[in-house]
Amino acid sequence: MKGAWNDIKEWFYETALVFRREFGMVLRDAGVMLFFFALPLLYPIVYAAIYNPEVTRDMPVAVVDNCRTAESREFVRHADATQAMKICGYASDMAQARRWWEEKKCYAVLEIPKDYSEKIGRGEQGVIQFYSDVSLLLRYRTFLESLTELQMATDTQLREQKLNSLGVASAGEGSSVQTQAYFLGDPQQGFASFILPGIVVLILQQSMILGVTMLCGTANDRRRRNKGTDPLAIVASPSATVIGKTLCYITLYMPLTIYILHYIPFWFNFPHIGNIWDYFLFMLPLLIGSALLGQTLQFMVSERESAFIVVVFTSVAFLFLSGLTWPRYAMQPLWKWLGDIIPATWGVEGFIRINNNGAPLALESTPYHWLWWLCIAYFVTAYLVTRHKTRHG
């Protein structure tokens with residue numbers, strides 16, 4: 001019994017030595033400091049500044065009015081009054097409108113056919129052509145929303161005029177059925193409010209993986225320079241080494257997590273209605289899993305510079321697999337499975353629901369449990385990689 005107790009004390013002592021050694025290695029390495037601190041501190045601000053303002057408004061639109069009637073001019077006035085469009089001028093024909101488009105004087109063309117007034121006067125459907133630049137999907141989406149609202153308003157107005165001409169009193173102003181939209185989680189319908197909450201979670205994971213793999217590559221460089229031994233290494237069991245390093249990284253990242261997840265949304269007025277303790281507790285297994293994943297990937301890092309290859313290779317893949325750019329339910333089973341084994345995938349899903357939609361932690365049990373299972377799995381893989389590295393150098 002006494003021998004077992006001594007073994008436990010020795011294990012804790014080794015863990016503390018690894019923790020202190022790793023802490024010093026981080027603070028003495030300018031490159032690791034850059035990725036552990038500068039990247040999480042600056043990237044959210046840069047992204048938020050780029051996507052601010054979040055929505056596109058008053059985009060220039062050219063008009064080709066082949067009808068030239070009171071009805072067509074009224075439609076153009078209503079289009080100019082929408083949030084998305086600002087009529088930059090009347091083009092004589094489509095050729096002139098195309099030249100304006102190529103010169104970036106406009107991003108869309110509204111073409112009204114010659115028989116527009118004649119058709120709506122006969123009660124037929126009037127067709128108006130709208131040509132939009134889709135090089136920026138955010139611009140196209142705003143155009144589409146405004147055109148849909150304009151179409152519904154114009155249709156309601158025409159129906160009321162027809163009823164009045166027949167001597168039938170309308171039941172009330174507006175359409176018979178009125179709809180109201182409530183955009184949960186992104187009330188401004190802004191691009192930054194949509195993507196930034198997920199991006200910051202990916203930044204936490206990727207910056208940690210980059211720093212951890214860089215430390216591993218630096219240790220390999222020292223080992224090569226000293227004939228297979230690392231003079232700064234601590235003689236410790238693989239489990240003490242893995243846990244000591246993980247505790248060091250989590251300690252360093254907790255203040256950064258508070259800054260990224262709490263203060264960045266507050267400063268830039270992004271959605272942040274969730275309980276602060278719920279998403280802090282939710283982020284804990286994400287940080288642990290990211291630290292263990294970084295230690296698992298050390299087998300791919302033979303030298304310091306190899307860390308950049310690992311992160312460049314994984315960053316784009318992790319972004320797409322997270323579900324930010326394409327819904328995960330629409331992915332093929334293979335890609336969905338690959339996304340399941342990445343901590344940031346579940347971190348993005350759970351954090352957005354807690355932070356943007358105000359869901360309590362109890363309702364996010366599925367991603368929360370997945371994160372803890374990944375922690376266990378990556379602890380095993382990190383242990384095996386560390387043990388192999390300790391035995392074979």
# chains A, B, ... in the order shown; residues from 1 in each chain; ligands from 1
>>> residues_around(residues="Phe23 of chain A", least_positions_apart="3", cutoff="10 Å", atoms="only C-alpha atoms", output="list in words")
Leu17, Val18, Phe19, Arg20, Val26, Leu27, Arg28, Gly244, Lys245, Leu247, Cys248, Tyr249, Thr251 and Leu252 of chain A
>>> write_last_selection(atoms="N, CA and C atoms", output="PDB file, in the first residue's frame")
ATOM      1  N   LEU A  17       6.280  18.706 -12.753  1.00  0.00           N
ATOM      2  CA  LEU A  17       7.517  19.067 -13.431  1.00  0.00           C
ATOM      3  C   LEU A  17       7.274  19.307 -14.917  1.00  0.00           C
ATOM      4  N   VAL A  18       6.483  18.432 -15.533  1.00  0.00           N
ATOM      5  CA  VAL A  18       6.159  18.608 -16.957  1.00  0.00           C
ATOM      6  C   VAL A  18       5.383  19.902 -17.165  1.00  0.00           C
ATOM      7  N   PHE A  19       4.429  20.158 -16.278  1.00  0.00           N
ATOM      8  CA  PHE A  19       3.639  21.397 -16.369  1.00  0.00           C
ATOM      9  C   PHE A  19       4.550  22.619 -16.303  1.00  0.00           C
ATOM     10  N   ARG A  20       5.470  22.662 -15.336  1.00  0.00           N
ATOM     11  CA  ARG A  20       6.360  23.815 -15.186  1.00  0.00           C
ATOM     12  C   ARG A  20       7.309  23.933 -16.371  1.00  0.00           C
ATOM     13  N   VAL A  26       6.844  27.476 -23.429  1.00  0.00           N
ATOM     14  CA  VAL A  26       5.917  28.338 -24.172  1.00  0.00           C
ATOM     15  C   VAL A  26       6.334  29.798 -24.066  1.00  0.00           C
ATOM     16  N   LEU A  27       6.649  30.238 -22.852  1.00  0.00           N
ATOM     17  CA  LEU A  27       6.951  31.652 -22.634  1.00  0.00           C
ATOM     18  C   LEU A  27       8.298  32.055 -23.228  1.00  0.00           C
ATOM     19  N   ARG A  28       9.204  31.088 -23.458  1.00  0.00           N
ATOM     20  CA  ARG A  28      10.506  31.405 -24.033  1.00  0.00           C
ATOM     21  C   ARG A  28      10.540  31.275 -25.549  1.00  0.00           C
ATOM     22  N   GLY A 244       0.378  16.644 -17.936  1.00  0.00           N
ATOM     23  CA  GLY A 244       1.079  17.870 -17.571  1.00  0.00           C
ATOM     24  C   GLY A 244       1.046  18.901 -18.688  1.00  0.00           C
ATOM     25  N   LYS A 245       1.285  18.456 -19.916  1.00  0.00           N
ATOM     26  CA  LYS A 245       1.225  19.382 -21.052  1.00  0.00           C
ATOM     27  C   LYS A 245      -0.197  19.910 -21.250  1.00  0.00           C
ATOM     28  N   LEU A 247      -2.626  20.276 -19.061  1.00  0.00           N
ATOM     29  CA  LEU A 247      -2.965  21.254 -18.025  1.00  0.00           C
ATOM     30  C   LEU A 247      -2.295  22.597 -18.301  1.00  0.00           C
ATOM     31  N   CYS A 248      -1.079  22.573 -18.801  1.00  0.00           N
ATOM     32  CA  CYS A 248      -0.382  23.821 -19.137  1.00  0.00           C
ATOM     33  C   CYS A 248      -1.127  24.584 -20.222  1.00  0.00           C
ATOM     34  N   TYR A 249      -1.502  23.885 -21.284  1.00  0.00           N
ATOM     35  CA  TYR A 249      -2.172  24.558 -22.407  1.00  0.00           C
ATOM     36  C   TYR A 249      -3.542  25.090 -21.994  1.00  0.00           C
ATOM     37  N   THR A 251      -4.473  26.022 -18.986  1.00  0.00           N
ATOM     38  CA  THR A 251      -4.254  27.178 -18.114  1.00  0.00           C
ATOM     39  C   THR A 251      -3.980  28.434 -18.928  1.00  0.00           C
ATOM     40  N   LEU A 252      -3.198  28.295 -19.979  1.00  0.00           N
ATOM     41  CA  LEU A 252      -2.881  29.443 -20.826  1.00  0.00           C
ATOM     42  C   LEU A 252      -4.085  29.904 -21.638  1.00  0.00           C
TER      43      LEU A 252
END
>>> select_by_dssp(residues="segment 294-388 of chain A", states="helix (DSSP H, G or I)", output="ChimeraX atom specification")
/A:294-300,306-321,328-330,333-340,343-357,361-388
>>> residues_around(residues="Ser239 of chain A", least_positions_apart="2", cutoff="9 Å", atoms="only C-alpha atoms", output="ChimeraX atom specification")
/A:11,15,236-237,241-244,379,382-383,386-387
>>> write_last_selection(atoms="C-alpha atoms", output="CSV table (one decimal), in the first residue's frame")
chain,number,residue,atom,x,y,z
A,11,TRP,CA,3.3,10.6,-10.7
A,15,THR,CA,3.1,15.9,-13.8
A,236,ALA,CA,8.3,11.2,-16.7
A,237,SER,CA,5.8,8.5,-17.5
A,241,THR,CA,3.7,13.9,-19.8
A,242,VAL,CA,0.4,14.1,-21.6
A,243,ILE,CA,-1.6,15.4,-18.7
A,244,GLY,CA,1.1,17.9,-17.6
A,379,PHE,CA,-5.9,10.9,-24.6
A,382,ALA,CA,-1.7,11.0,-27.4
A,383,TYR,CA,-0.5,8.5,-24.7
A,386,THR,CA,4.1,9.8,-26.4
A,387,ARG,CA,5.0,6.3,-25.2
>>> residues_around(residues="segment 278-286 of chain A", least_positions_apart="2", cutoff="9 Å", atoms="only C-alpha atoms", output="ChimeraX atom specification")
/A:201,204-205,250,254,257-258,261,274-276,288-291,343-344,346-347,350-351,354-355,359-362,364,367-368,371-372,374-375
>>> closest_residue(among="A:Thr213, A:Ser135, A:Asn6, A:Thr82", to="Gly31 of chain A", atoms="only C-alpha atoms")
A:Thr213
>>> atom_distance(atom1="atom CA of Ile209 of chain A", atom2="atom CA of Val311 of chain A")
7.4 Å
>>> closest_residue(among="A:Ser302, A:His272, A:Gly217, A:Val200", to="Val348 of chain A", atoms="only C-alpha atoms")
A:Val200
>>> atom_distance(atom1="atom CA of Arg68 of chain A", atom2="atom CA of Tyr116 of chain A")
9.4 Å
>>> closest_residue(among="A:Glu22, A:Asp7, A:Glu71, A:Glu14", to="Leu232 of chain A", atoms="only C-alpha atoms")
A:Glu22
>>> atom_distance(atom1="atom CA of Gly323 of chain A", atom2="atom CA of Asp340 of chain A")
10.7 Å
>>> residues_around(residues="Gln125 of chain A", least_positions_apart="4", cutoff="10 Å", atoms="only C-alpha atoms", output="MDAnalysis selection string")
chainID A and resid 116 118:121 155
>>> closest_residue(among="A:Val380, A:Ile264, A:Met85, A:Val46", to="Met59 of chain A", atoms="only C-alpha atoms")
A:Met85
>>> residues_around(residues="Arg328 of chain A", least_positions_apart="2", cutoff="12 Å", atoms="only C-alpha atoms", output="list in words")
Leu319, Phe320, Leu321, Ser322, Gly323, Leu324, Thr325, Trp326, Ala330, Met331, Gln332, Pro333, Leu334, Trp335, Lys336, Trp337, Leu338, Gly339, Asp340, Thr345, Trp346, Val348 and Glu349 of chain A
